[in-house]
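Okay, so here's the structure we're looking at.
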Amino acid sequence: MNGIVLDTPYLDTDADQLAFTLGHPARRALAERTLTVGGVDVRLRLLGASHQVFAGPVRETVACLPGSARGLPESAARDFAGRRYSFGARTSTLDPAAFGAEVARIRERADAHPRALYGLFPGSADAVTALTVDTDGSALTWRTWHTYPGSRRIVATRSRLEAR
């Protein structure tokens, strides 16, 4: 099992409060997993209802960041020392039954994945932050999910780091 019950209560935040940054310094993590995937050192970091992924030269943060512009881009790209990084985000609002089913699917996927980390908040089984990382030989890809039971919204991100 890759899930960790976090030692912090769930705070009713929402998808609209998230910001996306690259290069943000490490924040205090509630949980972290360090892996080497495709020859690249990767740190999956849970920051509550947000995350950081450090992969090679990339320091991706999706979090509630005071002073940062709120909202996630549908897509973003940047070059890093001979590598191309791309990011995409999508937010879905679901009815109650579909939301619960999708959260269960996210948890099952993260549990079965060999390179995953996800956090569960005490007292709110549908409040989950999950991360997975994969390689297809030439690139790293990671996916994240942030679930918000109060609004039944799910933020899904997908990032890719590949040699140019």
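Ordered as shown in the structure tokens, chains take letters A, B, and onward, while each chain numbers its residues from 1 and ligands are numbered from 1 in the order shown.
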- All strand (DSSP E or B) residues (DSSP, backbone) inside region 4-149 of chain A, as a ChimeraX atom specification: /A:4-5,19-22,31-37,40-46,51-55,58-63,71,75-80,83-93,116-121,124-135,139-148
- Task: For Tyr148 (chain A), list every protein, DNA or RNA residue within 12 Å, evaluated using only C-alpha atoms, and leave out those in the same chain fewer than 2 positions away; present the list as a PyMOL selection string.
- Result: chain A and resi 10-18+48-50+91-94+96+99-100+102-103+120-121+124-129+145-146+150-156
Residues of the last selection are to be written out with N, CA, C and O atoms, as a short mmCIF file (atom, residue, chain, number, x, y, z; two decimals), in the first residue's frame.
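Wrote out_6.cif, looks like this:
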data_model
loop_
_atom_site.label_atom_id
_atom_site.label_comp_id
_atom_site.auth_asym_id
_atom_site.auth_seq_id
_atom_site.Cartn_x
_atom_site.Cartn_y
_atom_site.Cartn_z
N TYR A 10 -7.98 17.55 7.60
CA TYR A 10 -8.31 18.08 6.28
C TYR A 10 -8.86 19.49 6.44
O TYR A 10 -9.77 19.73 7.23
N LEU A 11 -8.30 20.42 5.71
CA LEU A 11 -8.82 21.78 5.67
C LEU A 11 -9.59 21.94 4.38
O LEU A 11 -9.12 21.54 3.32
N ASP A 12 -10.77 22.50 4.46
CA ASP A 12 -11.64 22.59 3.30
C ASP A 12 -11.14 23.66 2.33
O ASP A 12 -11.63 24.78 2.31
N THR A 13 -10.13 23.30 1.56
CA THR A 13 -9.64 24.18 0.51
C THR A 13 -10.36 23.80 -0.77
O THR A 13 -11.21 22.92 -0.78
N ASP A 14 -10.01 24.45 -1.87
CA ASP A 14 -10.65 24.12 -3.14
C ASP A 14 -9.66 24.30 -4.27
O ASP A 14 -8.63 24.96 -4.14
N ALA A 15 -10.01 23.73 -5.40
CA ALA A 15 -9.16 23.74 -6.58
C ALA A 15 -8.78 25.16 -7.01
O ALA A 15 -7.67 25.38 -7.50
N ASP A 16 -9.68 26.11 -6.83
CA ASP A 16 -9.41 27.49 -7.27
C ASP A 16 -8.28 28.15 -6.48
O ASP A 16 -7.77 29.19 -6.89
N GLN A 17 -7.90 27.59 -5.35
CA GLN A 17 -6.85 28.18 -4.52
C GLN A 17 -5.46 27.72 -4.92
O GLN A 17 -4.47 28.24 -4.41
N LEU A 18 -5.37 26.75 -5.82
CA LEU A 18 -4.06 26.22 -6.21
C LEU A 18 -3.35 27.16 -7.18
O LEU A 18 -3.96 27.85 -7.98
N GLY A 48 -0.13 18.28 1.87
CA GLY A 48 -1.54 18.40 2.21
C GLY A 48 -2.35 18.25 0.94
O GLY A 48 -2.20 17.29 0.21
N ALA A 49 -3.19 19.22 0.66
CA ALA A 49 -4.02 19.17 -0.55
C ALA A 49 -3.24 19.67 -1.76
O ALA A 49 -3.80 20.17 -2.71
N SER A 50 -1.94 19.53 -1.72
CA SER A 50 -1.07 20.00 -2.79
C SER A 50 0.16 19.11 -2.86
O SER A 50 0.31 18.19 -2.08
N THR A 91 -9.54 20.25 -14.29
CA THR A 91 -10.40 20.20 -13.11
C THR A 91 -11.77 19.72 -13.52
O THR A 91 -12.35 20.22 -14.49
N SER A 92 -12.29 18.73 -12.80
CA SER A 92 -13.63 18.18 -13.06
C SER A 92 -14.49 18.36 -11.82
O SER A 92 -14.01 18.21 -10.70
N THR A 93 -15.76 18.66 -12.04
CA THR A 93 -16.75 18.69 -10.97
C THR A 93 -17.72 17.54 -11.22
O THR A 93 -18.26 17.43 -12.33
N LEU A 94 -17.91 16.70 -10.21
CA LEU A 94 -18.70 15.48 -10.38
C LEU A 94 -19.89 15.46 -9.43
O LEU A 94 -19.88 16.11 -8.37
N PRO A 96 -22.27 13.55 -6.59
CA PRO A 96 -21.76 12.83 -5.41
C PRO A 96 -21.36 11.37 -5.67
O PRO A 96 -20.30 10.93 -5.21
N PHE A 99 -18.22 11.25 -7.87
CA PHE A 99 -17.05 11.73 -7.13
C PHE A 99 -16.49 10.60 -6.25
O PHE A 99 -15.30 10.31 -6.28
N GLY A 100 -17.35 9.96 -5.46
CA GLY A 100 -16.90 8.87 -4.60
C GLY A 100 -16.27 7.73 -5.38
O GLY A 100 -15.25 7.18 -4.98
N GLU A 102 -14.82 7.94 -8.34
CA GLU A 102 -13.54 8.38 -8.91
C GLU A 102 -12.45 8.43 -7.85
O GLU A 102 -11.31 8.05 -8.09
N VAL A 103 -12.78 8.88 -6.65
CA VAL A 103 -11.79 8.88 -5.56
C VAL A 103 -11.35 7.45 -5.26
O VAL A 103 -10.16 7.17 -5.09
N LEU A 120 -4.05 10.32 2.81
CA LEU A 120 -5.45 10.30 3.23
C LEU A 120 -5.57 11.19 4.46
O LEU A 120 -4.75 11.11 5.37
N PHE A 121 -6.60 12.00 4.47
CA PHE A 121 -6.80 12.89 5.61
C PHE A 121 -7.74 12.23 6.61
O PHE A 121 -8.79 11.71 6.23
N SER A 124 -11.88 12.34 6.61
CA SER A 124 -12.44 12.65 5.29
C SER A 124 -11.87 11.66 4.27
O SER A 124 -10.86 11.94 3.61
N ALA A 125 -12.53 10.52 4.11
CA ALA A 125 -12.02 9.46 3.24
C ALA A 125 -11.92 9.87 1.78
O ALA A 125 -11.15 9.30 1.02
N ASP A 126 -12.69 10.88 1.38
CA ASP A 126 -12.66 11.32 -0.02
C ASP A 126 -11.70 12.48 -0.26
O ASP A 126 -11.62 13.00 -1.38
N ALA A 127 -10.97 12.92 0.76
CA ALA A 127 -9.95 13.96 0.59
C ALA A 127 -8.61 13.26 0.40
O ALA A 127 -8.05 12.70 1.34
N VAL A 128 -8.12 13.26 -0.84
CA VAL A 128 -6.93 12.50 -1.20
C VAL A 128 -6.02 13.36 -2.07
O VAL A 128 -6.49 14.12 -2.91
N THR A 129 -4.72 13.23 -1.86
CA THR A 129 -3.73 13.75 -2.79
C THR A 129 -2.87 12.56 -3.19
O THR A 129 -2.33 11.86 -2.33
N TRP A 145 -3.35 13.75 -8.52
CA TRP A 145 -4.78 13.99 -8.33
C TRP A 145 -4.96 14.64 -6.98
O TRP A 145 -4.39 14.22 -5.98
N HIS A 146 -5.79 15.67 -6.96
CA HIS A 146 -6.14 16.39 -5.73
C HIS A 146 -7.66 16.38 -5.66
O HIS A 146 -8.31 16.87 -6.59
N GLY A 150 -15.72 18.90 -0.51
CA GLY A 150 -16.69 19.97 -0.30
C GLY A 150 -17.34 20.44 -1.59
O GLY A 150 -18.54 20.71 -1.64
N SER A 151 -16.57 20.51 -2.65
CA SER A 151 -17.08 20.97 -3.95
C SER A 151 -17.20 19.83 -4.96
O SER A 151 -17.63 20.06 -6.08
N ARG A 152 -16.76 18.63 -4.55
CA ARG A 152 -16.73 17.44 -5.41
C ARG A 152 -15.92 17.71 -6.69
O ARG A 152 -16.29 17.30 -7.78
N ARG A 153 -14.81 18.39 -6.50
CA ARG A 153 -13.92 18.70 -7.63
C ARG A 153 -12.66 17.86 -7.52
O ARG A 153 -12.17 17.58 -6.42
N ILE A 154 -12.13 17.48 -8.68
CA ILE A 154 -10.88 16.73 -8.75
C ILE A 154 -9.97 17.46 -9.74
O ILE A 154 -10.37 17.73 -10.87
N VAL A 155 -8.77 17.77 -9.26
CA VAL A 155 -7.75 18.36 -10.12
C VAL A 155 -6.79 17.24 -10.49
O VAL A 155 -6.23 16.58 -9.61
N ALA A 156 -6.61 17.02 -11.79
CA ALA A 156 -5.67 16.02 -12.29
C ALA A 156 -4.59 16.75 -13.08
O ALA A 156 -4.90 17.61 -13.90
#
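Distances from A:Gly38, A:Phe20, A:Arg90, A:Arg107 to His51 (chain A) were compared using only C-alpha atoms, and the smallest one belongs to A:Phe20.
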- Task: Find the residues around Leu30 (chain A) up to 10 Å (only C-alpha atoms counted), leave out those fewer than 5 positions away in its own chain, and share them as a list in words.
- Result: Ile4, Val5, Leu6, Asp7, Thr8, Arg45, Leu46, Leu47, Gly48, His51 and Gly119 of chain A
- Query: Excluding same-chain residues fewer than 2 positions from Phe54 (chain A), what lies within 10 Å of it counting only C-alpha atoms, as a PyMOL selection string?
  - Reply: chain A and resi 22-23+26+34+40-45+52+56-61
Selection: 10 Å around region 71-77 of chain A, only C-alpha atoms, excl. self and same-chain fewer than 2 positions, as an mmCIF file with all heavy atoms, in the first residue's frame:
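The resulting file, result.cif, is reproduced below:
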data_model
loop_
_atom_site.group_PDB
_atom_site.id
_atom_site.type_symbol
_atom_site.label_atom_id
_atom_site.label_comp_id
_atom_site.auth_asym_id
_atom_site.auth_seq_id
_atom_site.Cartn_x
_atom_site.Cartn_y
_atom_site.Cartn_z
ATOM 1 N N ALA A 15 -10.009 23.731 -5.401
ATOM 2 C CA ALA A 15 -9.157 23.744 -6.583
ATOM 3 C C ALA A 15 -8.778 25.156 -7.012
ATOM 4 O O ALA A 15 -7.666 25.384 -7.497
ATOM 5 C CB ALA A 15 -9.863 23.020 -7.724
ATOM 6 N N ASP A 16 -9.679 26.111 -6.831
ATOM 7 C CA ASP A 16 -9.406 27.489 -7.265
ATOM 8 C C ASP A 16 -8.281 28.153 -6.478
ATOM 9 O O ASP A 16 -7.772 29.188 -6.895
ATOM 10 C CB ASP A 16 -10.670 28.337 -7.154
ATOM 11 C CG ASP A 16 -11.744 27.894 -8.122
ATOM 12 O OD1 ASP A 16 -11.402 27.241 -9.135
ATOM 13 O OD2 ASP A 16 -12.925 28.175 -7.864
ATOM 14 N N GLN A 17 -7.901 27.594 -5.347
ATOM 15 C CA GLN A 17 -6.853 28.182 -4.520
ATOM 16 C C GLN A 17 -5.457 27.721 -4.916
ATOM 17 O O GLN A 17 -4.468 28.243 -4.410
ATOM 18 C CB GLN A 17 -7.120 27.857 -3.051
ATOM 19 C CG GLN A 17 -8.409 28.465 -2.553
ATOM 20 C CD GLN A 17 -8.745 28.054 -1.133
ATOM 21 O OE1 GLN A 17 -8.072 27.234 -0.524
ATOM 22 N NE2 GLN A 17 -9.804 28.624 -0.600
ATOM 23 N N LEU A 18 -5.368 26.750 -5.821
ATOM 24 C CA LEU A 18 -4.064 26.219 -6.213
ATOM 25 C C LEU A 18 -3.345 27.155 -7.176
ATOM 26 O O LEU A 18 -3.963 27.847 -7.983
ATOM 27 C CB LEU A 18 -4.232 24.851 -6.883
ATOM 28 C CG LEU A 18 -4.743 23.724 -5.999
ATOM 29 C CD1 LEU A 18 -4.967 22.471 -6.828
ATOM 30 C CD2 LEU A 18 -3.806 23.460 -4.840
ATOM 31 N N ALA A 19 -2.033 27.135 -7.077
ATOM 32 C CA ALA A 19 -1.151 27.859 -8.000
ATOM 33 C C ALA A 19 -0.103 26.871 -8.505
ATOM 34 O O ALA A 19 0.195 25.876 -7.843
ATOM 35 C CB ALA A 19 -0.473 29.026 -7.294
ATOM 36 N N PHE A 20 0.450 27.170 -9.661
ATOM 37 C CA PHE A 20 1.492 26.339 -10.275
ATOM 38 C C PHE A 20 2.768 27.160 -10.357
ATOM 39 O O PHE A 20 2.751 28.304 -10.816
ATOM 40 C CB PHE A 20 1.043 25.936 -11.686
ATOM 41 C CG PHE A 20 2.146 25.408 -12.560
ATOM 42 C CD1 PHE A 20 2.626 24.115 -12.394
ATOM 43 C CD2 PHE A 20 2.706 26.192 -13.553
ATOM 44 C CE1 PHE A 20 3.636 23.626 -13.207
ATOM 45 C CE2 PHE A 20 3.708 25.712 -14.373
ATOM 46 C CZ PHE A 20 4.178 24.426 -14.198
ATOM 47 N N THR A 21 3.873 26.582 -9.889
ATOM 48 C CA THR A 21 5.171 27.245 -10.022
ATOM 49 C C THR A 21 6.244 26.209 -10.335
ATOM 50 O O THR A 21 6.108 25.032 -10.009
ATOM 51 C CB THR A 21 5.591 28.007 -8.744
ATOM 52 O OG1 THR A 21 5.778 27.068 -7.679
ATOM 53 C CG2 THR A 21 4.574 29.051 -8.335
ATOM 54 N N VAL A 62 2.444 22.483 -7.075
ATOM 55 C CA VAL A 62 1.033 22.826 -7.226
ATOM 56 C C VAL A 62 0.510 22.905 -5.798
ATOM 57 O O VAL A 62 0.424 21.887 -5.104
ATOM 58 C CB VAL A 62 0.269 21.783 -8.061
ATOM 59 C CG1 VAL A 62 -1.233 22.049 -8.007
ATOM 60 C CG2 VAL A 62 0.763 21.788 -9.498
ATOM 61 N N ALA A 63 0.222 24.129 -5.345
ATOM 62 C CA ALA A 63 -0.128 24.334 -3.943
ATOM 63 C C ALA A 63 -0.819 25.678 -3.763
ATOM 64 O O ALA A 63 -0.817 26.519 -4.662
ATOM 65 C CB ALA A 63 1.146 24.296 -3.085
ATOM 66 N N CYS A 64 -1.380 25.866 -2.585
ATOM 67 C CA CYS A 64 -1.888 27.176 -2.183
ATOM 68 C C CYS A 64 -0.677 27.983 -1.744
ATOM 69 O O CYS A 64 -0.079 27.704 -0.707
ATOM 70 C CB CYS A 64 -2.879 27.026 -1.036
ATOM 71 S SG CYS A 64 -4.293 25.983 -1.431
ATOM 72 N N SER A 68 1.193 34.112 -4.885
ATOM 73 C CA SER A 68 1.244 33.588 -6.253
ATOM 74 C C SER A 68 -0.129 33.714 -6.902
ATOM 75 O O SER A 68 -1.156 33.671 -6.219
ATOM 76 C CB SER A 68 1.655 32.112 -6.260
ATOM 77 O OG SER A 68 2.981 31.972 -5.822
ATOM 78 N N ALA A 69 -0.107 33.851 -8.214
ATOM 79 C CA ALA A 69 -1.369 33.910 -8.950
ATOM 80 C C ALA A 69 -2.091 32.580 -8.811
ATOM 81 O O ALA A 69 -1.494 31.526 -9.023
ATOM 82 C CB ALA A 69 -1.105 34.226 -10.419
ATOM 83 N N ASP A 79 12.138 24.537 -21.199
ATOM 84 C CA ASP A 79 13.346 23.756 -21.429
ATOM 85 C C ASP A 79 14.266 23.857 -20.223
ATOM 86 O O ASP A 79 14.424 24.929 -19.639
ATOM 87 C CB ASP A 79 14.082 24.257 -22.681
ATOM 88 C CG ASP A 79 13.307 23.938 -23.954
ATOM 89 O OD1 ASP A 79 12.574 22.933 -23.967
ATOM 90 O OD2 ASP A 79 13.430 24.709 -24.920
ATOM 91 N N PHE A 80 14.861 22.724 -19.868
ATOM 92 C CA PHE A 80 15.808 22.623 -18.758
ATOM 93 C C PHE A 80 17.022 21.856 -19.239
ATOM 94 O O PHE A 80 16.933 20.648 -19.481
ATOM 95 C CB PHE A 80 15.216 21.831 -17.578
ATOM 96 C CG PHE A 80 14.180 22.535 -16.778
ATOM 97 C CD1 PHE A 80 12.842 22.376 -17.072
ATOM 98 C CD2 PHE A 80 14.539 23.339 -15.713
ATOM 99 C CE1 PHE A 80 11.871 22.999 -16.313
ATOM 100 C CE2 PHE A 80 13.574 23.975 -14.945
ATOM 101 C CZ PHE A 80 12.238 23.803 -15.255
ATOM 102 N N ARG A 84 13.095 18.766 -22.130
ATOM 103 C CA ARG A 84 11.843 19.486 -22.337
ATOM 104 C C ARG A 84 10.845 19.029 -21.284
ATOM 105 O O ARG A 84 10.611 17.837 -21.091
ATOM 106 C CB ARG A 84 11.291 19.184 -23.735
ATOM 107 C CG ARG A 84 10.016 19.906 -24.076
ATOM 108 C CD ARG A 84 10.325 21.350 -24.362
ATOM 109 N NE ARG A 84 9.126 22.019 -24.864
ATOM 110 C CZ ARG A 84 8.988 23.307 -24.859
ATOM 111 N NH1 ARG A 84 9.964 24.078 -24.420
ATOM 112 N NH2 ARG A 84 7.910 23.856 -25.310
ATOM 113 N N TYR A 85 10.268 20.000 -20.587
ATOM 114 C CA TYR A 85 9.281 19.745 -19.552
ATOM 115 C C TYR A 85 7.930 20.277 -20.030
ATOM 116 O O TYR A 85 7.858 21.368 -20.602
ATOM 117 C CB TYR A 85 9.703 20.453 -18.256
ATOM 118 C CG TYR A 85 8.606 20.595 -17.238
ATOM 119 C CD1 TYR A 85 8.289 19.554 -16.376
ATOM 120 C CD2 TYR A 85 7.871 21.778 -17.142
ATOM 121 C CE1 TYR A 85 7.272 19.683 -15.435
ATOM 122 C CE2 TYR A 85 6.856 21.910 -16.212
ATOM 123 C CZ TYR A 85 6.567 20.866 -15.363
ATOM 124 O OH TYR A 85 5.560 21.005 -14.446
ATOM 125 N N SER A 86 6.883 19.504 -19.800
ATOM 126 C CA SER A 86 5.536 19.983 -20.102
ATOM 127 C C SER A 86 4.600 19.617 -18.950
ATOM 128 O O SER A 86 4.809 18.615 -18.249
ATOM 129 C CB SER A 86 5.029 19.415 -21.417
ATOM 130 O OG SER A 86 5.005 18.004 -21.371
ATOM 131 N N PHE A 87 3.592 20.444 -18.772
ATOM 132 C CA PHE A 87 2.640 20.310 -17.664
ATOM 133 C C PHE A 87 1.249 20.572 -18.207
ATOM 134 O O PHE A 87 1.056 21.437 -19.058
ATOM 135 C CB PHE A 87 2.968 21.344 -16.574
ATOM 136 C CG PHE A 87 1.941 21.456 -15.484
ATOM 137 C CD1 PHE A 87 1.998 20.632 -14.376
ATOM 138 C CD2 PHE A 87 0.913 22.394 -15.568
ATOM 139 C CE1 PHE A 87 1.043 20.739 -13.370
ATOM 140 C CE2 PHE A 87 -0.040 22.500 -14.565
ATOM 141 C CZ PHE A 87 0.025 21.675 -13.460
ATOM 142 N N GLY A 88 0.292 19.829 -17.697
ATOM 143 C CA GLY A 88 -1.105 20.079 -18.025
ATOM 144 C C GLY A 88 -1.972 19.805 -16.815
ATOM 145 O O GLY A 88 -1.650 18.957 -15.987
ATOM 146 N N ALA A 89 -3.074 20.560 -16.701
ATOM 147 C CA ALA A 89 -3.988 20.387 -15.577
ATOM 148 C C ALA A 89 -5.429 20.413 -16.084
ATOM 149 O O ALA A 89 -5.746 21.115 -17.053
ATOM 150 C CB ALA A 89 -3.779 21.478 -14.537
ATOM 151 N N ARG A 90 -6.263 19.655 -15.397
ATOM 152 C CA ARG A 90 -7.680 19.597 -15.725
ATOM 153 C C ARG A 90 -8.453 19.489 -14.416
ATOM 154 O O ARG A 90 -8.078 18.741 -13.514
ATOM 155 C CB ARG A 90 -7.931 18.370 -16.602
ATOM 156 C CG ARG A 90 -9.353 18.017 -16.882
ATOM 157 C CD ARG A 90 -9.469 16.761 -17.768
ATOM 158 N NE ARG A 90 -8.695 15.617 -17.336
ATOM 159 C CZ ARG A 90 -9.072 14.745 -16.397
ATOM 160 N NH1 ARG A 90 -10.200 14.906 -15.758
ATOM 161 N NH2 ARG A 90 -8.310 13.707 -16.098
ATOM 162 N N THR A 91 -9.538 20.253 -14.291
ATOM 163 C CA THR A 91 -10.395 20.198 -13.109
ATOM 164 C C THR A 91 -11.771 19.719 -13.524
ATOM 165 O O THR A 91 -12.346 20.224 -14.488
ATOM 166 C CB THR A 91 -10.495 21.589 -12.445
ATOM 167 O OG1 THR A 91 -9.187 22.029 -12.088
ATOM 168 C CG2 THR A 91 -11.363 21.541 -11.198
ATOM 169 N N VAL A 155 -8.769 17.774 -9.265
ATOM 170 C CA VAL A 155 -7.746 18.362 -10.123
ATOM 171 C C VAL A 155 -6.786 17.238 -10.495
ATOM 172 O O VAL A 155 -6.227 16.580 -9.613
ATOM 173 C CB VAL A 155 -6.978 19.493 -9.410
ATOM 174 C CG1 VAL A 155 -5.833 19.995 -10.270
ATOM 175 C CG2 VAL A 155 -7.922 20.625 -9.044
ATOM 176 N N THR A 157 -3.327 16.422 -12.792
ATOM 177 C CA THR A 157 -2.227 17.011 -13.556
ATOM 178 C C THR A 157 -1.419 15.896 -14.199
ATOM 179 O O THR A 157 -1.398 14.756 -13.722
ATOM 180 C CB THR A 157 -1.292 17.883 -12.685
ATOM 181 O OG1 THR A 157 -0.499 17.042 -11.840
ATOM 182 C CG2 THR A 157 -2.072 18.884 -11.854
ATOM 183 N N ARG A 158 -0.757 16.255 -15.280
ATOM 184 C CA ARG A 158 0.145 15.328 -15.974
ATOM 185 C C ARG A 158 1.363 16.113 -16.394
ATOM 186 O O ARG A 158 1.252 17.167 -17.042
ATOM 187 C CB ARG A 158 -0.545 14.719 -17.181
ATOM 188 C CG ARG A 158 0.335 13.722 -17.895
ATOM 189 C CD ARG A 158 -0.433 13.046 -19.036
ATOM 190 N NE ARG A 158 0.388 12.068 -19.683
ATOM 191 C CZ ARG A 158 0.439 10.785 -19.375
ATOM 192 N NH1 ARG A 158 -0.313 10.336 -18.401
ATOM 193 N NH2 ARG A 158 1.218 9.961 -20.019
ATOM 194 N N SER A 159 2.551 15.612 -16.040
ATOM 195 C CA SER A 159 3.817 16.274 -16.388
ATOM 196 C C SER A 159 4.709 15.293 -17.119
ATOM 197 O O SER A 159 4.631 14.077 -16.894
ATOM 198 C CB SER A 159 4.513 16.778 -15.120
ATOM 199 O OG SER A 159 3.671 17.683 -14.436
ATOM 200 N N ARG A 160 5.575 15.836 -17.946
ATOM 201 C CA ARG A 160 6.497 15.006 -18.737
ATOM 202 C C ARG A 160 7.847 15.715 -18.810
ATOM 203 O O ARG A 160 7.911 16.920 -19.037
ATOM 204 C CB ARG A 160 5.925 14.804 -20.132
ATOM 205 C CG ARG A 160 6.753 13.904 -21.026
ATOM 206 C CD ARG A 160 6.002 13.636 -22.338
ATOM 207 N NE ARG A 160 6.778 12.847 -23.248
ATOM 208 C CZ ARG A 160 6.810 11.536 -23.271
ATOM 209 N NH1 ARG A 160 6.083 10.845 -22.421
ATOM 210 N NH2 ARG A 160 7.567 10.888 -24.147
ATOM 211 N N LEU A 161 8.911 14.945 -18.625
ATOM 212 C CA LEU A 161 10.277 15.444 -18.738
ATOM 213 C C LEU A 161 11.021 14.510 -19.676
ATOM 214 O O LEU A 161 11.168 13.331 -19.393
ATOM 215 C CB LEU A 161 10.969 15.475 -17.372
ATOM 216 C CG LEU A 161 12.394 15.995 -17.340
ATOM 217 C CD1 LEU A 161 12.470 17.458 -17.776
ATOM 218 C CD2 LEU A 161 13.003 15.812 -15.956
#
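The protein and nucleic acid residues lying at most 12 Å from Ala110 (chain A) are Met1, Asn2, Gly3, Ile4, Val103, Ala104, Arg105, Ile106, Arg107, Glu108, Ala112, His113, Pro114, Arg115, Ala116, Leu117, Tyr118, Gly119, Leu120, Val128, Thr129, Ala130, Leu131, Thr132, Val133, Trp142, Arg143, Thr144 and Trp145 of chain A, with only C-alpha atoms considered and sequence neighbours fewer than 2 positions away removed.
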